[in-house]
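Enquirer: Let me begin by handing over the structure; questions about it come next.
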Amino acid sequence: MKKGLQIFSYLIIAFILILLIPYLAAARGGGGHGGGGHGGGHSSGGRSSSSHSSSGKSRNSGDSYHFYHSSSSESDENSTEFTVEEPIIVILSIIFVILLLNYYDHKQNNLMIVVKNSTKLLDEDSVNLFKQKDPHFSKIGLLDFVYLLYINYYTHYGQETFAVLKPYFTRSAQKNWHLDQFLQNNQIKISPIIVNSLSIFLLKTNEGKDQIGIEIRAYYATHPITSRYAKQQQNTYYELIERWILSRNETSLSLSPEKLQASLSDQAIQHQSWYVEKRYMIKQDIFDINDLANYIPEKNLTVKSLVATTLSNSIEQFKKRYDCNWSSYWSEFSQNVVHHYFFALNQAWEKGELDTVRHLLSDRLYEAQHFLLNLYHIQKWRNLLTDLQIHEIKLVNVDCDPYYDTITVRIFASCFDYMVDQHDQLIGGSQKKRQHYSEYWTFVRKVNADIHSIMQLGLNAWYLFLITQDEYYTG
Amino acid sequence: MNKYKNHDFRQKLEQLISDIESESQIELVVIIKPRSAYYSEIKLYYGLLSSLSVLAYLLLINFDFNDIEIFVLTVLAFLLGSLIGLIPNLQRLLIKKSDRGRNAEIMARALFQKGALYNTHTQIATLIYCSLFEQSVYILKDRGAQIAIPDAEWQKIDIQFQTIFRHRQPQFALLEQLKNCQPIFKQYLPALADNINELPNDLDLEI
């Protein structure tokens, strides 16, 4: 595009020069501007007089002005005539070039190169290494625990009930400068708190402590406590990114997910659990609901799928645990779980009836999706996904820990994705251009002591734990 | 700008920033922008200058031009002058260095604010903003970084960065100057045991 614009500008300039050549040549042929040849008078105040000038203008029958240049000694046949259209074309062309270059200049100016250190989220391999040290470690169990802790933190912050949570936070991590003045003065209420995604970016053992860094992307809404009517319009929505550093004693071993969650209320086992050592607020911006109608073109479709290096080992582990034929299990899983859940969820999303698929989703995912649908509802918008098709389902990870089985797939799909308002007017996306995209979907099922009961439940035991946009998935 | 978009250069710059931050608490962000302001009036100045010159020439020369010729040539001269005014080097001639520096500073401060770089725990974010048209580098440091590193060091860093546009390949000079800063950041703001990146990966910088 950039090169095309440049070439186009050069062509226009060349065109202008070609137009100018005969004009300039004729002007030179008119006796030279130096005045030597003519010796005549010069124009006065820009007005020329035919009595002392050999150049002038005439009106022809076609009602168009003609310039002509000829020396007095030359015959009329030698004079060159130009219509007034020529300079007008030249002027318009130059204006066009200037506008074009200005446009190009402005477009260039919007470019910006930003280089900074990026936080790389942890891949599955590092988690597997940690599991060798702590065989009871469950990534899903920990993320569920952090999710609960996060919701509780914001729900109880600034209230007496927060005391129960204090053992889970160091003194510095407890403080939230952003909320203090508003909550303590009873000015705002926070509700709802929605965790959109949780991902591990740090996992290490340092100075006798195990440390885990978790990036939390969340939304919450604040509204004035004084408002008589809890109208949605009175809410201010925030989008947050926080990084929490959780620590525990190096010698501690992971609790079961049930115990871990129970530890939030059971002080007897609190000391065995993780606590939040540091809390970093990375981003807190007002979330503009209108942004939901802004569609960003998909860029990562061609990026290679991030397949876990331990995939074949994990499949072996899965086969051993359930004594099953993997290829037939996978084909059944991809058809009856991935396909089925994908279409069911998208259909429910389109209709705004998420309750029909409640049993297919984790609590966190349901709340996040419900929150977004609610925002559409406030705006009286509908997101339509017409002619949805799955093109490919690629297995990227299988994980079996003592408490959960996890299967992550990358789904390549396409549809006509667009947003309409209450009058069915298009406000975002396109009804004509098919949108191709890919997402990583993580399915989870709980592992009970009784393996046979899981097998009996079959594919119904799986629920969708996480949907990750391909640009955020790290393994 | 293409020199800076080059993949090799970006990779080197990313690696260098990552190296600096692994040894220091500093949160470094480098932003390179083609220009900090549009200076539309400069094109008009060139157009005006050129049309006045041509008009004077047409009126004073010992040769007769008719009304339309004078009009057309004056307008043409204005447009061609404006076109010439688009050439960056010629634009720069008519803009005072201090004005260019001021515009770079305004843009750097706006980007710092928009990107919420102030949002670090100990306020140690530092923005190195390079404005190519203005040939100016503006270093904006948050309070924590300003306090931790002596002002004399900052002044030295500032002077060194201003020289990068004197080089034939300023992109390499930029890398060189960043390398020179590494020991200073390490000395005054050494990395802590649990040094984490406190800025989001995707900064929102659209202004």
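Residues are referred to by chain and number: the chain letter is A, B, ... according to the order shown in the structure tokens, the number counts from 1 in that chain, and ligands are numbered separately from 1 in the order shown.
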Can you check which residues of chain B have any atom within 6 Å of chain A? Use only C-alpha atoms and format it as JSON, numbers by chain.
Expert: {"B": [18, 29, 30, 31, 32, 33, 34, 62, 63, 64, 66, 67, 198, 199, 200, 201]}
Enquirer: Residues within 12 Å of Lys96 (chain B), please, as an MDAnalysis selection string. Count only C-alpha atoms; anything in the same chain fewer than 6 positions from it doesn't count.
Expert: chainID B and resid 39 42 102:103 134:135
Enquirer: Emit the selected residues as a compact mmCIF listing (two decimals), in the first residue's frame, including C-alpha atoms.
Expert:
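Generated output (part36.txt):
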```txt
# COMPACT_ATOMS: atom_id res chain seq x y z
CA TYR B 39 3.80 21.65 11.31
CA ILE B 42 5.56 25.25 7.25
CA ARG B 102 9.28 21.09 23.00
CA ASN B 103 6.97 19.13 20.69
CA GLU B 134 12.38 16.43 15.32
CA GLN B 135 15.67 14.53 15.66
```
Enquirer: Tell me which protein, DNA and RNA residues are within 9 Å of Ile70 (chain B), counting only C-alpha atoms, leaving out same-chain ones fewer than 2 positions away, and put them as JSON, numbers by chain.
Expert: {"A": [46], "B": [54, 55, 58, 59, 65, 66, 67, 68, 72, 73, 74, 75]}
Enquirer: Which polymer residues have any atom within 12 Å of an atom of Asp291 (chain A), counting only C-alpha atoms, with same-chain residues fewer than 4 positions away left out, as a PyMOL selection string?
Expert: chain A and resi 239+286-287+295-296+372+375-376+379+419+427-428
Enquirer: Could you tell me, as a PyMOL selection string, which residues of chain B DSSP assigns to alpha helix (DSSP H) when given the backbone?
Expert: chain B and resi 2-5+7-23+40-60+67-84+88-93+97-114+143-148+151-162+170-188
Enquirer: Extract, using only C-alpha atoms, all DNA, RNA and protein residues at most 9 Å from Ala104 (chain B), discarding same-chain residues fewer than 2 positions from it, and format them as a list in words.
Expert: Arg35, Ser36, Ala37, Asp99, Arg100, Gly101, Arg102, Ile106, Met107, Ala108, Arg109, Tyr129, Cys130, Ser131, Glu134, Gln135, Ser136, Val137 and Tyr138 of chain B
Enquirer: Could you check which of A:Asn346, A:Gln425, A:Ser273, A:Thr205 is closest to Phe169 (chain A), using only C-alpha atoms?
Expert: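 That would be A:Ser273, the residue with the smallest distance to Phe169 (chain A).
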Enquirer: Excluding region 145-148 of chain B and residues on its chain fewer than 6 positions from it, collect all residues at most 8 Å away from it, counting only C-alpha atoms, and give them as number ranges by chain.
Expert: B: 26, 123-126, 188-189
Enquirer: Could you pull the residues within 12 Å of Asp144 (chain A), counting only C-alpha atoms, minus those fewer than 6 positions along the same chain, as a ChimeraX atom specification?
Expert: /A:138,150-151,195,197-199,214,216,256-262,362-365,404,444,465-466
Enquirer: Could those selected residues go to a file with N, CA and C atoms, as a PDB file, in the first residue's frame?
Expert:
```pdb
ATOM      1  N   SER A 138      -1.808 -29.194  41.368  1.00  0.00           N
ATOM      2  CA  SER A 138      -2.785 -29.173  40.287  1.00  0.00           C
ATOM      3  C   SER A 138      -2.943 -27.726  39.815  1.00  0.00           C
ATOM      4  N   TYR A 150      -9.531 -14.043  44.766  1.00  0.00           N
ATOM      5  CA  TYR A 150      -9.650 -12.751  44.092  1.00  0.00           C
ATOM      6  C   TYR A 150     -11.058 -12.170  44.285  1.00  0.00           C
ATOM      7  N   ILE A 151     -12.054 -13.015  44.057  1.00  0.00           N
ATOM      8  CA  ILE A 151     -13.447 -12.574  44.208  1.00  0.00           C
ATOM      9  C   ILE A 151     -13.700 -12.154  45.656  1.00  0.00           C
ATOM     10  N   VAL A 195     -13.725 -12.450  36.810  1.00  0.00           N
ATOM     11  CA  VAL A 195     -12.360 -12.821  36.407  1.00  0.00           C
ATOM     12  C   VAL A 195     -12.439 -13.378  34.994  1.00  0.00           C
ATOM     13  N   SER A 197      -9.550 -14.046  32.899  1.00  0.00           N
ATOM     14  CA  SER A 197      -8.552 -15.092  32.665  1.00  0.00           C
ATOM     15  C   SER A 197      -7.506 -15.104  33.770  1.00  0.00           C
ATOM     16  N   LEU A 198      -6.927 -16.267  33.973  1.00  0.00           N
ATOM     17  CA  LEU A 198      -5.873 -16.449  34.979  1.00  0.00           C
ATOM     18  C   LEU A 198      -4.753 -17.214  34.292  1.00  0.00           C
ATOM     19  N   SER A 199      -3.551 -16.726  34.397  1.00  0.00           N
ATOM     20  CA  SER A 199      -2.444 -17.479  33.797  1.00  0.00           C
ATOM     21  C   SER A 199      -1.188 -17.347  34.654  1.00  0.00           C
ATOM     22  N   ILE A 214       0.827 -15.097  39.228  1.00  0.00           N
ATOM     23  CA  ILE A 214      -0.391 -15.306  38.423  1.00  0.00           C
ATOM     24  C   ILE A 214      -0.894 -13.977  37.883  1.00  0.00           C
ATOM     25  N   ILE A 216      -3.857 -11.927  36.439  1.00  0.00           N
ATOM     26  CA  ILE A 216      -5.323 -12.000  36.498  1.00  0.00           C
ATOM     27  C   ILE A 216      -5.895 -10.860  35.655  1.00  0.00           C
ATOM     28  N   SER A 256      -5.466 -30.803  48.402  1.00  0.00           N
ATOM     29  CA  SER A 256      -6.425 -31.139  47.349  1.00  0.00           C
ATOM     30  C   SER A 256      -7.255 -29.884  47.066  1.00  0.00           C
ATOM     31  N   PRO A 257      -7.814 -29.755  45.857  1.00  0.00           N
ATOM     32  CA  PRO A 257      -8.590 -28.549  45.537  1.00  0.00           C
ATOM     33  C   PRO A 257      -9.704 -28.283  46.545  1.00  0.00           C
ATOM     34  N   GLU A 258     -10.340 -29.349  47.028  1.00  0.00           N
ATOM     35  CA  GLU A 258     -11.429 -29.169  48.001  1.00  0.00           C
ATOM     36  C   GLU A 258     -10.895 -28.556  49.289  1.00  0.00           C
ATOM     37  N   LYS A 259      -9.751 -29.121  49.760  1.00  0.00           N
ATOM     38  CA  LYS A 259      -9.168 -28.615  51.004  1.00  0.00           C
ATOM     39  C   LYS A 259      -8.676 -27.182  50.815  1.00  0.00           C
ATOM     40  N   LEU A 260      -8.095 -26.948  49.626  1.00  0.00           N
ATOM     41  CA  LEU A 260      -7.564 -25.617  49.336  1.00  0.00           C
ATOM     42  C   LEU A 260      -8.682 -24.573  49.399  1.00  0.00           C
ATOM     43  N   GLN A 261      -9.820 -24.920  48.825  1.00  0.00           N
ATOM     44  CA  GLN A 261     -10.940 -23.983  48.849  1.00  0.00           C
ATOM     45  C   GLN A 261     -11.551 -23.874  50.239  1.00  0.00           C
ATOM     46  N   ALA A 262     -11.555 -25.018  50.950  1.00  0.00           N
ATOM     47  CA  ALA A 262     -12.106 -25.005  52.307  1.00  0.00           C
ATOM     48  C   ALA A 262     -11.205 -24.188  53.238  1.00  0.00           C
ATOM     49  N   SER A 362     -17.457 -23.780  33.224  1.00  0.00           N
ATOM     50  CA  SER A 362     -16.992 -23.606  34.605  1.00  0.00           C
ATOM     51  C   SER A 362     -17.678 -22.359  35.166  1.00  0.00           C
ATOM     52  N   ASP A 363     -17.697 -22.237  36.487  1.00  0.00           N
ATOM     53  CA  ASP A 363     -18.363 -21.079  37.116  1.00  0.00           C
ATOM     54  C   ASP A 363     -17.766 -19.774  36.597  1.00  0.00           C
ATOM     55  N   ARG A 364     -16.435 -19.763  36.548  1.00  0.00           N
ATOM     56  CA  ARG A 364     -15.739 -18.538  36.169  1.00  0.00           C
ATOM     57  C   ARG A 364     -16.067 -18.131  34.729  1.00  0.00           C
ATOM     58  N   LEU A 365     -16.026 -19.127  33.841  1.00  0.00           N
ATOM     59  CA  LEU A 365     -16.292 -18.846  32.434  1.00  0.00           C
ATOM     60  C   LEU A 365     -17.743 -18.403  32.238  1.00  0.00           C
ATOM     61  N   TYR A 404      -7.533 -33.493  38.342  1.00  0.00           N
ATOM     62  CA  TYR A 404      -8.234 -33.067  37.114  1.00  0.00           C
ATOM     63  C   TYR A 404      -7.588 -33.681  35.869  1.00  0.00           C
ATOM     64  N   VAL A 444     -12.030 -29.473  31.020  1.00  0.00           N
ATOM     65  CA  VAL A 444     -11.558 -30.058  32.274  1.00  0.00           C
ATOM     66  C   VAL A 444     -12.608 -31.034  32.796  1.00  0.00           C
ATOM     67  N   PHE A 465     -13.434 -25.020  30.649  1.00  0.00           N
ATOM     68  CA  PHE A 465     -12.821 -24.274  31.749  1.00  0.00           C
ATOM     69  C   PHE A 465     -12.355 -22.889  31.298  1.00  0.00           C
ATOM     70  N   LEU A 466     -11.856 -22.834  30.084  1.00  0.00           N
ATOM     71  CA  LEU A 466     -11.193 -21.601  29.658  1.00  0.00           C
ATOM     72  C   LEU A 466     -11.258 -21.431  28.145  1.00  0.00           C
TER      73      LEU A 466
END
```
